[in-house]
file coords_34.csv (CSV, C-alpha atoms)
chain,number,residue,atom,x,y,z
S,1,ILE,CA,-29.8,-25.5,99.4
S,2,GLY,CA,-29.3,-29.0,98.0
S,3,SER,CA,-32.8,-29.2,96.4
S,4,MET,CA,-35.5,-26.6,96.2
S,5,ASP,CA,-38.6,-28.8,96.1
S,6,PRO,CA,-41.9,-27.5,94.6
S,7,GLY,CA,-43.5,-24.9,96.9
S,8,ILE,CA,-40.2,-23.8,98.4
S,9,ASN,CA,-39.8,-20.3,97.0
S,10,VAL,CA,-36.6,-18.3,97.7
S,11,VAL,CA,-36.2,-14.5,97.5
S,12,SER,CA,-33.0,-12.4,98.0
S,13,LEU,CA,-30.7,-15.2,99.0
S,14,GLY,CA,-26.9,-14.8,98.4
S,15,PHE,CA,-23.7,-16.7,98.9
S,16,SER,CA,-20.0,-16.0,98.4
S,17,GLY,CA,-17.4,-18.7,98.4
S,18,SER,CA,-16.7,-22.0,96.7
S,19,VAL,CA,-19.0,-25.0,96.0
S,20,GLU,CA,-17.8,-28.4,94.8
S,21,GLY,CA,-19.6,-31.6,94.0
S,22,TYR,CA,-20.3,-34.4,91.6
S,23,ARG,CA,-23.7,-33.6,90.0
S,24,TYR,CA,-26.4,-31.0,90.4
S,25,VAL,CA,-24.0,-28.4,91.8
S,26,GLY,CA,-25.0,-24.7,92.1
S,27,GLY,CA,-23.8,-21.6,93.8
S,28,ILE,CA,-27.2,-21.3,95.5
S,29,THR,CA,-29.0,-24.6,94.9
S,30,GLY,CA,-28.2,-27.9,93.3
S,31,MET,CA,-31.7,-28.4,92.0
S,32,ALA,CA,-34.2,-25.6,91.5
S,33,ARG,CA,-37.8,-27.0,91.2
S,34,SER,CA,-39.7,-23.9,92.3
S,35,ASP,CA,-39.2,-20.1,92.1
S,36,MET,CA,-36.0,-18.1,92.9
S,37,ASP,CA,-35.9,-14.4,92.7
S,38,GLN,CA,-33.0,-12.0,93.3
S,39,GLY,CA,-30.4,-14.8,94.0
S,40,THR,CA,-26.8,-13.7,94.0
S,41,PHE,CA,-23.6,-15.7,94.0
S,42,SER,CA,-19.9,-14.8,93.8
S,43,GLY,CA,-17.1,-17.4,93.8
S,44,ASN,CA,-16.2,-20.7,92.3
S,45,VAL,CA,-18.5,-23.7,91.4
S,46,THR,CA,-17.1,-27.0,90.3
S,47,ALA,CA,-18.8,-30.3,89.3
S,48,THR,CA,-16.7,-33.4,88.6
S,49,TYR,CA,-19.6,-34.9,86.5
S,50,MET,CA,-22.4,-32.7,85.2
S,51,ASP,CA,-25.1,-30.1,85.8
S,52,VAL,CA,-23.2,-27.2,87.3
S,53,GLY,CA,-24.2,-23.5,87.4
S,54,GLY,CA,-23.6,-20.2,89.1
S,55,ILE,CA,-27.1,-20.2,90.7
S,56,ALA,CA,-28.5,-23.7,90.1
S,57,GLY,CA,-27.1,-27.0,88.9
S,58,PHE,CA,-30.4,-27.8,87.2
S,59,ASN,CA,-33.5,-25.7,86.9
S,60,SER,CA,-37.1,-26.9,86.4
S,61,GLY,CA,-38.7,-23.9,88.0
S,62,ASN,CA,-38.4,-20.1,87.5
S,63,ILE,CA,-35.2,-18.2,88.2
S,64,THR,CA,-35.6,-14.4,87.9
S,65,ASN,CA,-33.6,-11.2,88.6
S,66,SER,CA,-30.5,-13.2,89.7
S,67,GLN,CA,-26.9,-12.8,89.1
S,68,ALA,CA,-23.7,-14.8,89.4
S,69,GLU,CA,-20.0,-14.0,89.0
S,70,GLY,CA,-16.9,-16.0,89.2
S,71,ASN,CA,-15.6,-19.3,87.8
S,72,ILE,CA,-17.7,-22.3,86.7
S,73,THR,CA,-15.9,-25.6,86.1
S,74,GLY,CA,-17.6,-28.6,84.6
S,75,SER,CA,-16.7,-32.0,83.3
S,76,GLN,CA,-18.9,-34.2,81.0
S,77,GLU,CA,-21.9,-32.0,80.2
S,78,ASN,CA,-24.2,-29.1,81.2
S,79,ALA,CA,-22.3,-26.2,82.6
S,80,GLY,CA,-23.8,-22.7,82.7
S,81,GLY,CA,-23.3,-19.3,84.3
S,82,ILE,CA,-26.8,-19.4,85.8
S,83,ALA,CA,-27.9,-23.0,85.4
S,84,GLY,CA,-26.2,-26.1,84.0
S,85,GLY,CA,-29.4,-27.5,82.6
S,86,SER,CA,-32.9,-26.1,82.5
S,87,THR,CA,-36.5,-27.1,81.6
S,88,GLY,CA,-38.0,-24.1,83.3
S,89,THR,CA,-37.6,-20.3,82.8
S,90,ILE,CA,-34.6,-18.1,83.3
S,91,THR,CA,-35.5,-14.4,83.2
S,92,SER,CA,-33.5,-11.2,83.7
S,93,CYS,CA,-30.4,-12.9,84.9
S,94,THR,CA,-26.7,-12.1,84.4
S,95,PHE,CA,-23.4,-13.9,84.6
S,96,THR,CA,-19.9,-12.5,84.5
S,97,GLY,CA,-16.8,-14.6,84.7
S,98,THR,CA,-15.2,-17.7,83.2
S,99,ILE,CA,-16.7,-21.1,82.3
S,100,THR,CA,-14.4,-24.0,81.5
S,101,ALA,CA,-15.7,-27.5,80.8
S,102,SER,CA,-14.2,-30.7,79.2
S,103,GLY,CA,-17.4,-32.0,77.7
S,104,TYR,CA,-20.4,-30.5,75.9
S,105,ASP,CA,-23.4,-28.2,76.4
S,106,THR,CA,-21.7,-25.2,77.9
S,107,GLY,CA,-23.2,-21.7,77.9
S,108,GLY,CA,-22.9,-18.3,79.5
S,109,VAL,CA,-26.4,-18.5,81.0
S,110,VAL,CA,-27.4,-22.2,80.6
S,111,GLY,CA,-25.6,-25.2,79.3
S,112,GLU,CA,-28.6,-27.2,78.0
S,113,ASN,CA,-32.0,-25.6,77.5
S,114,GLN,CA,-34.5,-28.5,77.3
S,115,GLY,CA,-37.7,-26.9,76.1
S,116,GLY,CA,-37.3,-24.0,78.6
S,117,THR,CA,-37.1,-20.3,78.1
S,118,VAL,CA,-34.2,-17.8,78.4
S,119,ASP,CA,-35.5,-14.3,78.4
S,120,SER,CA,-33.8,-10.9,78.9
S,121,CYS,CA,-30.5,-12.4,80.1
S,122,TRP,CA,-26.9,-11.3,79.7
S,123,SER,CA,-23.6,-13.0,79.8
S,124,GLN,CA,-20.1,-11.4,79.7
S,125,ALA,CA,-17.9,-14.4,79.9
S,126,ASP,CA,-14.8,-16.2,78.6
S,127,ILE,CA,-16.0,-19.7,77.8
S,128,ASP,CA,-13.9,-22.7,76.7
S,129,SER,CA,-15.5,-26.1,76.1
S,130,PRO,CA,-15.1,-28.5,73.2
S,131,TYR,CA,-18.6,-29.2,71.9
S,132,ARG,CA,-21.9,-27.4,71.7
S,133,THR,CA,-20.6,-24.2,73.3
S,134,GLY,CA,-22.4,-20.8,73.2
S,135,GLY,CA,-21.9,-17.4,74.7
S,136,LEU,CA,-25.5,-17.6,76.1
S,137,VAL,CA,-26.7,-21.2,75.7
S,138,GLY,CA,-24.8,-24.4,74.8
S,139,THR,CA,-27.7,-26.3,73.3
S,140,THR,CA,-31.4,-25.4,73.0
S,141,TRP,CA,-33.8,-28.0,71.8
S,142,GLY,CA,-37.4,-29.4,72.2
S,143,GLY,CA,-39.2,-26.1,71.5
S,144,GLY,CA,-36.9,-24.1,73.7
S,145,THR,CA,-37.0,-20.3,73.4
S,146,VAL,CA,-34.1,-17.8,73.7
S,147,LYS,CA,-35.1,-14.1,73.4
S,148,ASN,CA,-34.2,-10.5,74.2
S,149,SER,CA,-30.8,-11.6,75.4
S,150,HIS,CA,-27.1,-10.9,74.6
S,151,ALA,CA,-23.7,-12.2,75.1
S,152,SER,CA,-20.1,-10.8,75.0
S,153,GLY,CA,-16.7,-12.1,75.8
S,154,ASN,CA,-14.7,-14.9,74.2
S,155,VAL,CA,-16.2,-18.2,73.2
S,156,SER,CA,-13.9,-21.1,72.1
S,157,GLY,CA,-14.4,-24.7,71.4
S,158,THR,CA,-14.0,-27.4,68.8
S,159,ASP,CA,-17.3,-28.1,67.1
S,160,MET,CA,-20.7,-26.4,67.2
S,161,VAL,CA,-19.5,-23.1,68.7
S,162,GLY,CA,-21.6,-19.9,68.6
S,163,GLY,CA,-21.6,-16.4,69.9
S,164,LEU,CA,-25.0,-17.0,71.4
S,165,ILE,CA,-25.8,-20.7,71.0
S,166,GLY,CA,-23.7,-23.7,70.1
S,167,LYS,CA,-26.6,-25.8,68.8
S,168,ALA,CA,-30.2,-25.0,68.2
S,169,LEU,CA,-32.6,-27.9,67.4
S,170,GLY,CA,-36.3,-27.2,67.0
S,171,SER,CA,-36.0,-23.9,68.9
S,172,ASN,CA,-37.0,-20.3,68.6
S,173,ILE,CA,-34.4,-17.6,68.9
S,174,HIS,CA,-35.6,-14.0,68.8
S,175,SER,CA,-34.2,-10.4,69.2
S,176,SER,CA,-30.9,-11.4,70.7
S,177,ILE,CA,-27.4,-10.1,70.1
S,178,SER,CA,-23.9,-11.5,70.2
S,179,ARG,CA,-20.8,-9.3,70.7
S,180,ALA,CA,-18.6,-12.2,71.4
S,181,ASP,CA,-15.4,-13.3,69.7
S,182,VAL,CA,-15.9,-16.9,68.6
S,183,SER,CA,-13.3,-19.5,67.6
S,184,GLY,CA,-13.5,-23.2,66.8
S,185,HIS,CA,-12.9,-25.8,64.2
S,186,ASP,CA,-16.2,-27.0,62.6
S,187,MET,CA,-19.7,-25.4,62.6
S,188,VAL,CA,-18.7,-22.1,64.0
S,189,GLY,CA,-21.1,-19.1,63.9
S,190,GLY,CA,-21.2,-15.5,65.1
S,191,VAL,CA,-24.7,-16.3,66.4
S,192,ILE,CA,-25.2,-20.0,66.3
S,193,GLY,CA,-22.8,-22.9,65.5
S,194,THR,CA,-25.4,-25.2,64.0
S,195,ALA,CA,-29.2,-24.9,63.7
S,196,ALA,CA,-31.6,-27.6,62.6
S,197,GLY,CA,-35.0,-29.2,63.2
S,198,LEU,CA,-37.3,-26.4,62.0
S,199,SER,CA,-35.7,-23.8,64.3
S,200,VAL,CA,-36.8,-20.2,63.8
S,201,ILE,CA,-34.2,-17.4,64.1
S,202,ALA,CA,-35.6,-13.9,63.9
S,203,GLY,CA,-34.3,-10.4,64.7
S,204,THR,CA,-31.0,-11.7,65.9
S,205,LYS,CA,-27.6,-10.4,65.1
S,206,SER,CA,-23.8,-10.6,65.6
S,207,ILE,CA,-22.0,-7.3,65.8
S,208,THR,CA,-18.4,-6.2,66.3
S,209,GLY,CA,-17.2,-9.8,67.2
S,210,THR,CA,-14.7,-11.9,65.2
S,211,VAL,CA,-15.5,-15.5,64.0
S,212,GLN,CA,-12.7,-17.9,63.3
S,213,GLY,CA,-13.0,-21.6,62.3
S,214,ASN,CA,-12.2,-24.2,59.7
S,215,ASN,CA,-15.2,-25.9,58.1
S,216,TYR,CA,-18.7,-24.5,58.1
S,217,THR,CA,-17.8,-21.1,59.5
S,218,ALA,CA,-20.0,-18.0,59.1
S,219,GLY,CA,-21.0,-14.6,60.6
S,220,VAL,CA,-24.4,-15.8,61.7
S,221,VAL,CA,-24.9,-19.6,61.5
S,222,GLY,CA,-22.1,-22.0,60.8
S,223,TYR,CA,-24.2,-24.9,59.6
S,224,ALA,CA,-28.0,-24.9,59.0
S,225,SER,CA,-30.7,-27.4,58.0
S,226,ALA,CA,-34.4,-26.8,58.0
S,227,VAL,CA,-34.2,-23.3,59.5
S,228,SER,CA,-36.3,-20.2,59.0
S,229,TYR,CA,-34.5,-16.8,59.1
S,230,THR,CA,-35.8,-13.3,59.3
S,231,HIS,CA,-34.2,-10.0,60.0
S,232,LEU,CA,-30.6,-11.2,60.7
S,233,THR,CA,-27.6,-8.9,60.8
S,234,LEU,CA,-24.0,-9.9,60.0
S,235,PRO,CA,-21.0,-8.6,62.0
S,236,THR,CA,-19.7,-5.1,61.1

call {"tool": "encode", "arguments": {"input": "coords_34.csv", "output": "structure tokens"}}
result
Amino acid sequence: IGSMDPGINVVSLGFSGSVEGYRYVGGITGMARSDMDQGTFSGNVTATYMDVGGIAGFNSGNITNSQAEGNITGSQENAGGIAGGSTGTITSCTFTGTITASGYDTGGVVGENQGGTVDSCWSQADIDSPYRTGGLVGTTWGGGTVKNSHASGNVSGTDMVGGLIGKALGSNIHSSISRADVSGHDMVGGVIGTAAGLSVIAGTKSITGTVQGNNYTAGVVGYASAVSYTHLTLPT
């Protein structure tokens, strides 16, 4: 489905194979602007520009109870296991596989969360992308929420690399867990690479994973400014 316009709701739709395009490229739909429930995808998705995801290239609707597995390949920005970018909600979704991108905003569930919500999602992925790279979300900003979710696998990049989130700006992160091994150069964290803009981080932890970096490297948040923390747990 190239574009799911408002009012077009999809339930129990699956596809297995390879999808390739320039922008707004997804295993099920390029653009999700309504509701999708129980979508499944298995295979390879590639975008030569931006907005590429295992289920949707970009989501402004509601994606629930969906799963994707395979290989996601992005270029400039916004690559994710479920959606490349999202202003909507992504709930109870899973991704397993690999994500490789050459730009920024790359995550195991969503690359860029623009004021949307990621709830009760799970990613088990090997992710490699230079900037703003996270095991769950690459970047969350604009009042975005990430909660009740977890990530595992290997997350590697250059700057702003986190086991859960690469960069959190003015966002709320609650009750989530990273079990990922994380490596980068600057601003590397077991949970979040960098957090700023009055972000709230609560009940979130990194356990069992390893964190390797150069400058601003830590078990929870690599670099932080104007952040509120409560009930955080370091790796053990």

call {"tool": "residues_near_point", "arguments": {"input": "coords_34.csv", "point": "(-26.0, -25.6, 80.3)", "cutoff": "6 Å", "atoms": "all atoms listed in the file", "output": "list in words"}}
result
Asn78, Ala79, Gly80, Gly84, Gly85, Asp105, Thr106, Gly107, Val110, Gly111, Glu112 and Gly138 of chain S

call {"tool": "residues_around", "arguments": {"input": "coords_34.csv", "residues": "stretch 29-34 of chain S", "least_positions_apart": "4", "cutoff": "9 Å", "atoms": "all atoms listed in the file", "output": "list in words"}}
result
Ile1, Gly2, Ser3, Met4, Asp5, Pro6, Gly7, Ile8, Asn9, Val10, Arg23, Tyr24, Val25, Asp51, Val52, Gly53, Ile55, Ala56, Gly57, Phe58, Asn59, Ser60, Gly61, Asn62, Ile63 and Gly88 of chain S

call {"tool": "atom_distance", "arguments": {"input": "coords_34.csv", "atom1": "atom CA of S:Gly26", "atom2": "atom CA of S:Ala101"}}
result
14.9 Å

call {"tool": "atom_distance", "arguments": {"input": "coords_34.csv", "atom1": "atom CA of S:Asn214", "atom2": "atom CA of S:Ser156"}}
result
12.9 Å

call {"tool": "closest_residue", "arguments": {"input": "coords_34.csv", "among": "S:Val221, S:Met160, S:Ile90, S:Ile72", "to": "S:Ala125", "atoms": "all atoms listed in the file"}}
result
S:Ile72

call {"tool": "closest_residue", "arguments": {"input": "coords_34.csv", "among": "S:Gly209, S:Gly39, S:Gly115, S:Gly21", "to": "S:Gly144", "atoms": "only C-alpha atoms"}}
result
S:Gly115

call {"tool": "residues_around", "arguments": {"input": "coords_34.csv", "residues": "S:Gly103", "least_positions_apart": "4", "cutoff": "7 Å", "atoms": "all atoms listed in the file", "output": "VMD selection string"}}
result
chain S and resid 75 to 77 129 to 131

call {"tool": "atom_distance", "arguments": {"input": "coords_34.csv", "atom1": "atom CA of S:Ile192", "atom2": "atom CA of S:Thr73"}}
result
22.6 Å

call {"tool": "residues_around", "arguments": {"input": "coords_34.csv", "residues": "stretch 195-205 of chain S", "least_positions_apart": "3", "cutoff": "10 Å", "atoms": "all atoms listed in the file", "output": "VMD selection string"}}
result
chain S and resid 139 to 150 160 163 to 179 187 189 to 192 219 to 235

call {"tool": "closest_residue", "arguments": {"input": "coords_34.csv", "among": "S:Thr89, S:Thr133, S:Thr94, S:Asn44", "to": "S:Asn65", "atoms": "all atoms listed in the file"}}
result
S:Thr94

call {"tool": "residues_around", "arguments": {"input": "coords_34.csv", "residues": "S:Val11", "least_positions_apart": "2", "cutoff": "10 Å", "atoms": "only C-alpha atoms", "output": "PDB file with C-alpha atoms, in the frame of the given file"}}
result
ATOM      1  CA  ASN S   9     -39.800 -20.300  97.000  1.00  0.00           C
ATOM      2  CA  LEU S  13     -30.700 -15.200  99.000  1.00  0.00           C
ATOM      3  CA  GLY S  14     -26.900 -14.800  98.400  1.00  0.00           C
ATOM      4  CA  ASP S  35     -39.200 -20.100  92.100  1.00  0.00           C
ATOM      5  CA  MET S  36     -36.000 -18.100  92.900  1.00  0.00           C
ATOM      6  CA  ASP S  37     -35.900 -14.400  92.700  1.00  0.00           C
ATOM      7  CA  GLN S  38     -33.000 -12.000  93.300  1.00  0.00           C
ATOM      8  CA  GLY S  39     -30.400 -14.800  94.000  1.00  0.00           C
ATOM      9  CA  THR S  64     -35.600 -14.400  87.900  1.00  0.00           C
ATOM     10  CA  ASN S  65     -33.600 -11.200  88.600  1.00  0.00           C
ATOM     11  CA  SER S  66     -30.500 -13.200  89.700  1.00  0.00           C
TER      12      SER S  66
END

call {"tool": "residues_around", "arguments": {"input": "coords_34.csv", "residues": "S:Val182", "least_positions_apart": "2", "cutoff": "9 Å", "atoms": "all atoms listed in the file", "output": "mmCIF file with C-alpha atoms, in the frame of the given file"}}
result
data_model
loop_
_atom_site.group_PDB
_atom_site.id
_atom_site.type_symbol
_atom_site.label_atom_id
_atom_site.label_comp_id
_atom_site.auth_asym_id
_atom_site.auth_seq_id
_atom_site.Cartn_x
_atom_site.Cartn_y
_atom_site.Cartn_z
ATOM 1 C CA GLY S 134 -22.400 -20.800 73.200
ATOM 2 C CA GLY S 135 -21.900 -17.400 74.700
ATOM 3 C CA GLY S 153 -16.700 -12.100 75.800
ATOM 4 C CA ASN S 154 -14.700 -14.900 74.200
ATOM 5 C CA VAL S 155 -16.200 -18.200 73.200
ATOM 6 C CA SER S 156 -13.900 -21.100 72.100
ATOM 7 C CA GLY S 157 -14.400 -24.700 71.400
ATOM 8 C CA VAL S 161 -19.500 -23.100 68.700
ATOM 9 C CA GLY S 162 -21.600 -19.900 68.600
ATOM 10 C CA GLY S 163 -21.600 -16.400 69.900
ATOM 11 C CA ALA S 180 -18.600 -12.200 71.400
ATOM 12 C CA GLY S 184 -13.500 -23.200 66.800
ATOM 13 C CA VAL S 188 -18.700 -22.100 64.000
ATOM 14 C CA GLY S 189 -21.100 -19.100 63.900
ATOM 15 C CA GLY S 190 -21.200 -15.500 65.100
ATOM 16 C CA GLY S 209 -17.200 -9.800 67.200
ATOM 17 C CA THR S 210 -14.700 -11.900 65.200
ATOM 18 C CA VAL S 211 -15.500 -15.500 64.000
ATOM 19 C CA GLN S 212 -12.700 -17.900 63.300
ATOM 20 C CA GLY S 213 -13.000 -21.600 62.300
#

call {"tool": "closest_residue", "arguments": {"input": "coords_34.csv", "among": "S:Asp186, S:Glu69, S:Asp181, S:Glu20", "to": "S:Asp128", "atoms": "only C-alpha atoms"}}
result
S:Asp181

call {"tool": "closest_residue", "arguments": {"input": "coords_34.csv", "among": "S:Ile28, S:Val118, S:Val19, S:Met50", "to": "S:Asn71", "atoms": "all atoms listed in the file"}}
result
S:Val19

call {"tool": "closest_residue", "arguments": {"input": "coords_34.csv", "among": "S:Ile207, S:Ile99, S:Cys93, S:Ala83", "to": "S:Ser152", "atoms": "only C-alpha atoms"}}
result
S:Ile207
